[in-house]
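Pasted below: coords_13.txt, compact mmCIF, C-alpha atoms.
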```txt
# COMPACT_ATOMS: atom_id res chain seq x y z
CA MET X 15 78.50 113.49 66.72
CA VAL X 16 80.89 116.23 67.77
CA LYS X 17 79.43 119.69 67.50
CA ASP X 18 81.27 121.98 65.14
CA ILE X 19 82.44 124.87 67.31
CA PRO X 20 85.67 126.49 66.10
CA PRO X 21 88.29 126.69 68.88
CA HIS X 22 88.62 130.39 69.51
CA HIS X 23 88.68 130.93 73.25
CA PRO X 24 92.24 131.41 74.61
CA ILE X 25 92.04 128.23 76.68
CA ASP X 26 90.15 126.14 74.15
CA SER X 27 93.33 124.18 73.40
CA PHE X 28 93.02 122.62 76.88
CA LEU X 29 89.36 121.70 76.46
CA HIS X 30 87.30 119.28 74.44
CA ALA X 31 85.53 122.18 72.77
CA GLY X 32 82.88 119.95 71.25
CA SER X 33 81.65 118.94 74.71
CA ILE X 34 81.04 122.52 75.86
CA PRO X 35 78.45 123.69 77.07
CA SER X 36 78.96 121.53 80.10
CA VAL X 37 76.40 119.83 82.33
CA TRP X 38 76.87 122.31 85.19
CA CYS X 39 74.05 124.65 86.15
CA PRO X 40 74.04 128.25 84.87
CA GLY X 41 76.54 130.16 87.00
CA CYS X 42 78.03 127.13 88.76
CA GLY X 43 81.38 127.84 90.39
CA ILE X 44 83.10 124.73 89.05
CA GLY X 45 83.51 126.25 85.59
CA THR X 46 85.24 129.29 87.07
CA VAL X 47 87.61 127.04 89.03
CA VAL X 48 88.46 125.12 85.86
CA TYR X 49 89.10 128.39 84.02
CA ALA X 50 91.41 129.58 86.82
CA PHE X 51 93.33 126.29 86.72
CA LEU X 52 93.76 126.32 82.94
CA LYS X 53 94.73 129.99 82.95
CA ALA X 54 97.33 129.19 85.62
CA LEU X 55 98.77 126.49 83.36
CA GLU X 56 98.86 128.93 80.48
CA GLU X 57 100.45 131.80 82.39
CA LYS X 58 103.03 129.62 84.11
CA GLU X 59 103.85 128.01 80.73
CA ILE X 60 103.63 124.50 82.11
CA ASP X 61 103.70 121.78 79.50
CA PRO X 62 100.20 120.22 79.60
CA ARG X 63 101.75 116.82 78.89
CA ARG X 64 103.35 117.01 82.34
CA ILE X 65 99.98 117.44 84.04
CA CYS X 66 97.58 114.64 84.95
CA VAL X 67 94.09 115.43 86.26
CA VAL X 68 92.12 112.96 88.36
CA SER X 69 88.56 113.64 89.38
CA GLY X 70 86.00 111.68 91.27
CA PHE X 71 82.29 111.57 91.54
CA GLY X 72 79.30 113.81 90.96
CA CYS X 73 79.33 117.29 89.46
CA THR X 74 83.00 117.81 90.33
CA GLY X 75 83.88 114.49 88.71
CA LYS X 76 82.86 115.87 85.33
CA VAL X 77 85.98 118.05 85.23
CA ALA X 78 88.14 115.27 83.81
CA GLU X 79 85.77 114.70 80.92
CA TYR X 80 86.10 118.22 79.54
CA LEU X 81 89.88 118.52 79.67
CA ASN X 82 92.06 117.79 76.67
CA ILE X 83 95.04 117.01 78.91
CA GLU X 84 95.68 113.60 80.41
CA SER X 85 92.86 112.94 82.81
CA SER X 86 90.97 110.09 84.36
CA ASN X 87 87.87 109.47 86.39
CA SER X 88 87.76 107.35 89.51
CA THR X 89 84.99 105.65 91.42
CA ASP X 90 83.40 107.08 94.53
CA GLY X 91 85.86 107.46 97.39
CA TYR X 92 88.96 106.21 95.62
CA VAL X 93 90.10 109.45 94.03
CA ILE X 94 93.20 110.01 96.21
CA ARG X 95 94.29 106.40 95.89
CA HIS X 96 93.72 106.56 92.12
CA ALA X 97 95.86 109.68 91.99
CA ALA X 98 98.58 107.94 93.97
CA THR X 99 98.59 105.16 91.39
CA ARG X 100 98.88 107.65 88.55
CA LEU X 101 101.74 109.35 90.37
CA ALA X 102 103.57 106.05 90.78
CA GLU X 103 103.18 105.36 87.07
CA ASN X 104 104.66 108.62 85.84
CA LYS X 105 106.75 110.33 88.46
CA ASN X 106 107.66 113.34 86.36
CA SER X 107 104.15 114.67 85.98
CA ARG X 108 102.21 116.79 88.45
CA VAL X 109 98.96 115.12 89.47
CA VAL X 110 96.01 117.43 90.17
CA VAL X 111 92.97 116.03 91.99
CA TYR X 112 89.52 117.56 91.75
CA SER X 113 87.50 116.20 94.64
CA ASP X 114 84.18 116.80 96.33
CA ASN X 115 82.99 116.08 99.84
CA ALA X 116 82.35 112.36 99.44
CA ASP X 117 85.77 111.81 97.93
CA LEU X 118 87.64 113.51 100.72
CA LEU X 119 85.58 113.29 103.88
CA LYS X 120 83.31 110.27 103.76
CA SER X 121 84.44 107.19 101.87
CA GLY X 122 87.85 108.57 100.90
CA ALA X 123 88.79 110.04 104.26
CA GLN X 124 91.25 107.30 105.11
CA ASP X 125 93.17 107.79 101.87
CA PHE X 126 93.23 111.54 102.34
CA ILE X 127 94.84 111.25 105.76
CA GLU X 128 97.15 108.40 104.78
CA MET X 129 98.47 109.93 101.57
CA GLY X 130 98.85 113.29 103.26
CA ARG X 131 101.03 111.71 105.91
CA GLU X 132 103.12 110.04 103.24
CA GLY X 133 103.65 113.47 101.67
CA LEU X 134 102.68 112.57 98.14
CA ASN X 135 103.29 115.14 95.44
CA LEU X 136 99.60 115.92 94.83
CA LEU X 137 97.63 119.12 94.37
CA VAL X 138 94.11 118.60 95.73
CA ILE X 139 91.55 121.17 94.60
CA HIS X 140 88.62 120.46 96.87
CA ILE X 141 85.35 122.01 95.68
CA ASN X 142 83.24 122.26 98.79
CA ASN X 143 79.61 122.86 97.86
CA PHE X 144 78.11 121.59 101.16
CA VAL X 145 76.22 118.92 99.27
CA TYR X 146 76.27 115.20 99.80
CA VAL X 147 73.18 114.31 97.87
CA ILE X 148 72.71 110.74 99.03
CA THR X 149 72.19 112.01 102.57
CA GLU X 150 69.57 114.63 101.85
CA HIS X 151 67.98 114.37 105.30
CA ARG X 152 70.84 112.87 107.25
CA VAL X 153 73.90 114.27 108.95
CA PHE X 154 77.03 114.19 106.81
CA PRO X 155 80.55 115.56 107.38
CA ILE X 156 79.99 118.96 105.86
CA THR X 157 76.40 119.66 106.94
CA PRO X 158 76.03 123.44 107.11
CA PHE X 159 75.67 124.84 110.61
CA MET X 160 72.15 124.61 112.12
CA ARG X 161 70.78 122.55 109.24
CA THR X 162 69.12 119.64 111.01
CA SER X 163 68.45 116.16 109.77
CA SER X 164 65.00 114.60 109.66
CA ASP X 165 65.37 113.48 113.31
CA ASN X 166 66.45 116.96 114.47
CA ARG X 167 70.14 116.41 114.98
CA PHE X 168 72.73 118.86 113.82
CA GLU X 169 76.47 118.76 113.42
CA LEU X 170 79.21 121.27 112.99
CA PRO X 171 80.73 121.23 109.52
CA PHE X 172 84.17 119.74 109.12
CA ASN X 173 87.15 122.07 109.24
CA ILE X 174 88.97 120.89 106.12
CA PRO X 175 92.10 123.10 106.41
CA HIS X 176 92.61 121.86 109.97
CA LEU X 177 92.29 118.24 108.85
CA ALA X 178 94.71 118.89 106.00
CA GLU X 179 97.26 120.47 108.30
CA SER X 180 96.98 117.58 110.75
CA SER X 181 97.58 115.20 107.86
CA GLY X 182 100.73 117.03 106.95
CA ALA X 183 99.79 119.19 103.97
CA THR X 184 102.43 121.76 103.07
CA TYR X 185 100.25 124.27 101.25
CA ILE X 186 96.71 125.11 102.40
CA ALA X 187 94.46 127.85 101.05
CA ARG X 188 90.75 128.54 100.85
CA TRP X 189 89.02 130.66 98.21
CA THR X 190 85.65 131.09 96.57
CA PRO X 191 84.91 131.36 92.82
CA PHE X 192 84.32 135.09 93.35
CA HIS X 193 88.04 135.38 94.16
CA ALA X 194 89.05 133.73 90.90
CA GLY X 195 92.09 135.93 90.43
CA TRP X 196 93.44 135.01 93.85
CA LEU X 197 92.61 131.39 93.13
CA LYS X 198 94.59 131.50 89.89
CA TYR X 199 97.72 132.83 91.61
CA SER X 200 97.24 130.33 94.42
CA ILE X 201 97.16 127.43 91.96
CA MET X 202 100.26 128.82 90.23
CA ASP X 203 101.94 129.02 93.63
CA ALA X 204 100.95 125.48 94.59
CA LEU X 205 102.03 124.05 91.24
CA SER X 206 105.51 125.44 91.71
CA ARG X 207 106.22 123.55 94.92
CA GLN X 208 106.47 119.95 95.95
CA GLY X 209 104.40 118.10 98.52
CA PHE X 210 100.80 117.60 99.45
CA SER X 211 98.89 120.80 98.68
CA VAL X 212 95.23 121.40 99.47
CA ILE X 213 93.16 124.27 98.07
CA GLU X 214 89.58 124.41 99.27
CA VAL X 215 87.11 126.28 97.09
CA ILE X 216 83.79 127.13 98.73
CA SER X 217 81.07 127.12 96.11
CA PRO X 218 77.48 126.97 97.42
CA CYS X 219 75.31 124.84 95.19
CA LEU X 220 72.72 126.80 93.26
CA MET X 221 70.25 123.93 93.34
CA TYR X 222 70.27 122.78 96.95
CA TYR X 223 70.92 125.91 99.01
CA ALA X 224 69.01 128.47 97.00
CA SER X 225 66.15 128.52 99.48
CA THR X 226 68.05 127.85 102.72
CA TRP X 227 70.63 130.57 102.27
CA ARG X 228 68.32 132.77 100.19
CA ILE X 229 70.58 132.70 97.17
CA GLY X 230 68.47 133.37 94.14
CA ASP X 231 70.42 133.21 90.92
CA ALA X 232 74.06 133.30 89.91
CA VAL X 233 74.39 137.08 90.26
CA GLU X 234 73.10 137.01 93.84
CA ARG X 235 75.48 134.16 94.57
CA MET X 236 78.39 136.39 93.56
CA LYS X 237 77.15 139.08 95.93
CA PHE X 238 76.80 136.42 98.64
CA TYR X 239 80.49 135.62 98.31
CA ASP X 240 81.33 139.29 98.48
CA ASP X 241 79.25 139.88 101.63
CA HIS X 242 80.04 136.72 103.58
CA THR X 243 83.79 136.38 103.24
CA VAL X 244 86.69 138.11 104.91
CA MET X 245 90.30 137.66 103.87
CA LYS X 246 92.85 136.88 106.56
CA GLN X 247 96.16 135.72 105.20
CA GLY X 248 98.11 133.38 107.45
CA GLU X 249 95.24 132.78 109.86
CA SER X 250 95.68 129.86 112.22
CA VAL X 251 93.84 126.81 110.89
CA GLU X 252 92.01 126.19 114.19
CA ASN X 253 89.88 129.30 113.58
CA LEU X 254 88.58 128.30 110.17
CA ASP X 255 85.27 126.70 111.13
CA ILE X 256 82.35 127.65 108.90
CA ARG X 257 79.39 128.92 110.91
CA ALA X 258 76.22 130.38 109.50
CA HIS X 259 76.48 133.75 111.21
CA ASP X 260 80.20 134.26 111.04
CA ARG X 261 81.99 135.35 107.93
CA ILE X 262 83.88 132.70 106.02
CA ILE X 263 87.61 133.27 106.37
CA ILE X 264 89.52 132.94 103.12
CA GLY X 265 93.17 133.26 102.31
CA LYS X 266 96.41 131.32 102.27
CA PHE X 267 96.99 129.72 105.64
CA VAL X 268 99.93 127.33 105.47
CA ASN X 269 102.79 127.92 103.10
CA MET Z 27 94.15 150.76 73.28
CA LYS Z 28 91.45 149.16 71.23
CA THR Z 29 89.65 146.23 72.76
CA GLU Z 30 87.39 143.69 71.22
CA ILE Z 31 84.93 141.40 73.04
CA HIS Z 32 84.16 138.04 71.48
CA THR Z 33 81.20 135.90 72.51
CA LEU Z 34 80.15 132.40 71.59
CA LYS Z 35 76.43 132.68 72.07
CA GLU Z 36 75.69 128.99 71.67
CA ARG Z 37 77.80 128.19 74.76
CA CYS Z 38 76.02 130.73 76.97
CA LYS Z 39 73.71 129.50 79.73
CA GLY Z 40 72.35 132.89 80.65
CA CYS Z 41 73.76 133.32 84.17
CA LEU Z 42 74.51 136.98 83.29
CA ILE Z 43 77.47 137.21 85.68
CA CYS Z 44 79.39 139.06 82.96
CA VAL Z 45 76.68 141.70 82.59
CA GLU Z 46 76.53 142.25 86.35
CA LEU Z 47 80.28 142.39 86.95
CA CYS Z 48 81.07 144.76 84.08
CA GLN Z 49 81.69 148.07 85.83
CA ALA Z 50 81.82 150.02 82.57
CA GLU Z 51 78.41 148.64 81.50
CA VAL Z 52 79.70 147.48 78.17
CA LEU Z 53 77.50 144.41 77.97
CA GLY Z 54 73.74 144.19 77.65
CA VAL Z 55 71.20 141.39 77.63
CA SER Z 56 69.91 140.33 74.26
CA ASP Z 57 66.20 140.01 73.56
CA GLU Z 58 66.78 136.95 71.44
CA VAL Z 59 67.53 133.48 72.75
CA ASN Z 60 70.12 130.98 71.61
CA LYS Z 61 69.32 127.44 70.62
CA ASN Z 62 69.16 126.29 74.26
CA GLY Z 63 66.72 129.05 75.16
CA TYR Z 64 68.94 131.43 77.12
CA HIS Z 65 69.20 135.19 76.77
CA TYR Z 66 72.83 135.78 75.91
CA PRO Z 67 74.84 139.00 76.40
CA TYR Z 68 75.79 141.29 73.56
CA VAL Z 69 78.28 144.12 73.28
CA LYS Z 70 76.42 147.39 73.81
CA LYS Z 71 79.17 150.04 73.77
CA ILE Z 72 82.63 148.71 73.09
CA GLU Z 73 84.29 152.11 73.43
CA ALA Z 74 83.76 152.05 77.23
CA CYS Z 75 85.66 148.77 77.70
CA ILE Z 76 88.77 149.06 79.88
CA HIS Z 77 89.95 145.46 79.35
CA CYS Z 78 89.72 144.40 82.99
CA GLY Z 79 88.98 140.82 81.90
CA MET Z 80 86.34 140.22 84.57
CA CYS Z 81 83.80 138.82 82.10
CA GLU Z 82 86.37 136.37 80.76
CA MET Z 83 87.58 135.30 84.19
CA PHE Z 84 84.16 134.66 85.73
CA CYS Z 85 82.36 133.04 82.81
CA PRO Z 86 81.77 129.42 83.89
CA ASP Z 87 81.10 128.28 80.33
CA PHE Z 88 84.15 129.69 78.48
CA ALA Z 89 81.87 131.73 76.23
CA ILE Z 90 83.33 135.26 76.33
CA TRP Z 91 86.82 136.71 76.03
CA VAL Z 92 88.54 140.01 75.44
CA THR Z 93 91.41 140.85 73.14
CA SER Z 94 93.21 144.11 72.63
CA LYS Z 95 95.34 145.55 69.88
CA GLU Z 96 97.43 148.65 70.02
CA GLU Z 97 96.01 151.53 68.05
CA GLU Z 98 98.20 152.74 65.23
CA ALA Z 99 99.97 155.98 65.98
CA ILE Z 100 98.52 158.95 64.15
CA VAL Z 101 101.22 160.73 62.24
```
Can I see the file as structure tokens?
Amino acid sequence: MVKDIPPHHPIDSFLHAGSIPSVWCPGCGIGTVVYAFLKALEEKEIDPRRICVVSGFGCTGKVAEYLNIESSNSTDGYVIRHAATRLAENKNSRVVVYSDNADLLKSGAQDFIEMGREGLNLLVIHINNFVYVITEHRVFPITPFMRTSSDNRFELPFNIPHLAESSGATYIARWTPFHAGWLKYSIMDALSRQGFSVIEVISPCLMYYASTWRIGDAVERMKFYDDHTVMKQGESVENLDIRAHDRIIIGKFVN
Amino acid sequence: MKTEIHTLKERCKGCLICVELCQAEVLGVSDEVNKNGYHYPYVKKIEACIHCGMCEMFCPDFAIWVTSKEEEAIV
């Protein structure tokens, strides 16, 4: 039974309002990213029938279920290939991909590199929350710096903008949900151009890194973004590694 | 300029980002809970609102928004 909530919010026309509140934790950054995306559609006056949203697996994969615009859900690791199929079906629409770490770096890494080299007309919004839940005590591509596995190995986290630039992406940016205004203009910018665009959004998970990074609740998480980021527009993508004691560099890098 | 803040309290999950980010301290935390058991924000002093839109932009649950209407000119 659909709950009876009258559609009042300015972007409620893009949402299945009966499904809200969503399954995301209180203060999760994914909701802010979705708001920025929908507000970008509204301000740029893009016809929502010309937009197709594809999302994958896990918390990020729930994005497609809440949107009233054409959207579909793919299986684990096939999100870029699924988006390529949707793009081949209707060439006039802009396909937006919401992906998480497994979709882009583990099982879907081949598609990400391959489709980037082909120069498909996709906008990939990668929500990087440093979580790959199946491998709780193993090393995975985006393991935060100095977080060891159960057998005391550690890895450096993957530099996603560098990978995207090597694959041939034409628009690369990195933001956090605290910089939602910048993120909105970045999405508007990326929607207005052709080619393979990658926007990475760093959003530490409130469940899994609350104790490791000493992030308490959602308000402290916002202050964490404010303290631990520095904006450098046009920075070279080789310098964008995420280390625990450095500041996270955000901005628009390739344009 | 006359602003108005609308909230949908049943959507709120009580993260209180809006209360923290409001520089004018317009919003306060309610003593009551909604049907999911969260303390939702309420409008404490609307006359201080400057319509920056921070609460609307950062709400992850699409539960709060701000509108404004021009005040009628006093003849």
Would you compute the distance between CA of Ala194 (chain X) and CA of Met83 (chain Z)? Give it in Å to one decimal.
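CA of Met83 (chain Z) lies 7.0 Å from CA of Ala194 (chain X).
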Hey, can you check how far CA of Met80 (chain Z) sits from CA of Gly40 (chain Z)?
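Going from CA of Met80 (chain Z) over to CA of Gly40 (chain Z), I get 16.3 Å.
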With all atoms listed in the file considered, list every residue of chain X at most 6 Å from chain Z, as a list in words.
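Applying the cut-off to the listed atoms yields Pro35, Pro40, Gly41, Gly45, Thr46, Ala232 and Val233 of chain X.
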Please produce a file of those selected residues containing C-alpha atoms, as an mmCIF file, in the frame of the given file.
```cif
data_model
loop_
_atom_site.group_PDB
_atom_site.id
_atom_site.type_symbol
_atom_site.label_atom_id
_atom_site.label_comp_id
_atom_site.auth_asym_id
_atom_site.auth_seq_id
_atom_site.Cartn_x
_atom_site.Cartn_y
_atom_site.Cartn_z
ATOM 1 C CA PRO X 35 78.450 123.690 77.070
ATOM 2 C CA PRO X 40 74.040 128.250 84.870
ATOM 3 C CA GLY X 41 76.540 130.160 87.000
ATOM 4 C CA GLY X 45 83.510 126.250 85.590
ATOM 5 C CA THR X 46 85.240 129.290 87.070
ATOM 6 C CA ALA X 232 74.060 133.300 89.910
ATOM 7 C CA VAL X 233 74.390 137.080 90.260
#
```
Distance of CA of Leu136 (chain X) from CA of Glu103 (chain X), expressed in Å to one decimal place:
13.6 Å
Could you give me, as a list of chain:residue names, the residues that sit within 9 Å of (94.6, 125.4, 110.4) in the file's coordinates, counting only C-alpha atoms?
X:Asn173, X:Ile174, X:Pro175, X:His176, X:Leu177, X:Ala178, X:Glu179, X:Ser180, X:Ile186, X:Glu249, X:Ser250, X:Val251, X:Glu252, X:Asn253, X:Leu254, X:Phe267, X:Val268
Once you add 8 Å to each side, what are the centre and edge lengths of the axis-aligned box holding all listed atoms of region 35-54 of chain Z? One decimal in Å, as lines of an AutoDock Vina configuration file, if you can.
```
center_x = 77.1
center_y = 139.1
center_z = 79.3
size_x = 25.5
size_y = 37.8
size_z = 31.3
```
For Ile72 (chain Z), find every residue with an atom within 12 Å (counting all atoms listed in the file), except residues of its own chain fewer than 6 positions away, and show them as a tab-separated table (two decimals) with C-alpha atoms, keeping the file's coordinate frame.
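Once written, selection-v7.tsv looks like this:
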```
chain	number	residue	atom	x	y	z
Z	27	MET	CA	94.15	150.76	73.28
Z	28	LYS	CA	91.45	149.16	71.23
Z	29	THR	CA	89.65	146.23	72.76
Z	30	GLU	CA	87.39	143.69	71.22
Z	31	ILE	CA	84.93	141.40	73.04
Z	32	HIS	CA	84.16	138.04	71.48
Z	48	CYS	CA	81.07	144.76	84.08
Z	50	ALA	CA	81.82	150.02	82.57
Z	51	GLU	CA	78.41	148.64	81.50
Z	52	VAL	CA	79.70	147.48	78.17
Z	53	LEU	CA	77.50	144.41	77.97
Z	54	GLY	CA	73.74	144.19	77.65
Z	92	VAL	CA	88.54	140.01	75.44
Z	93	THR	CA	91.41	140.85	73.14
Z	94	SER	CA	93.21	144.11	72.63
```
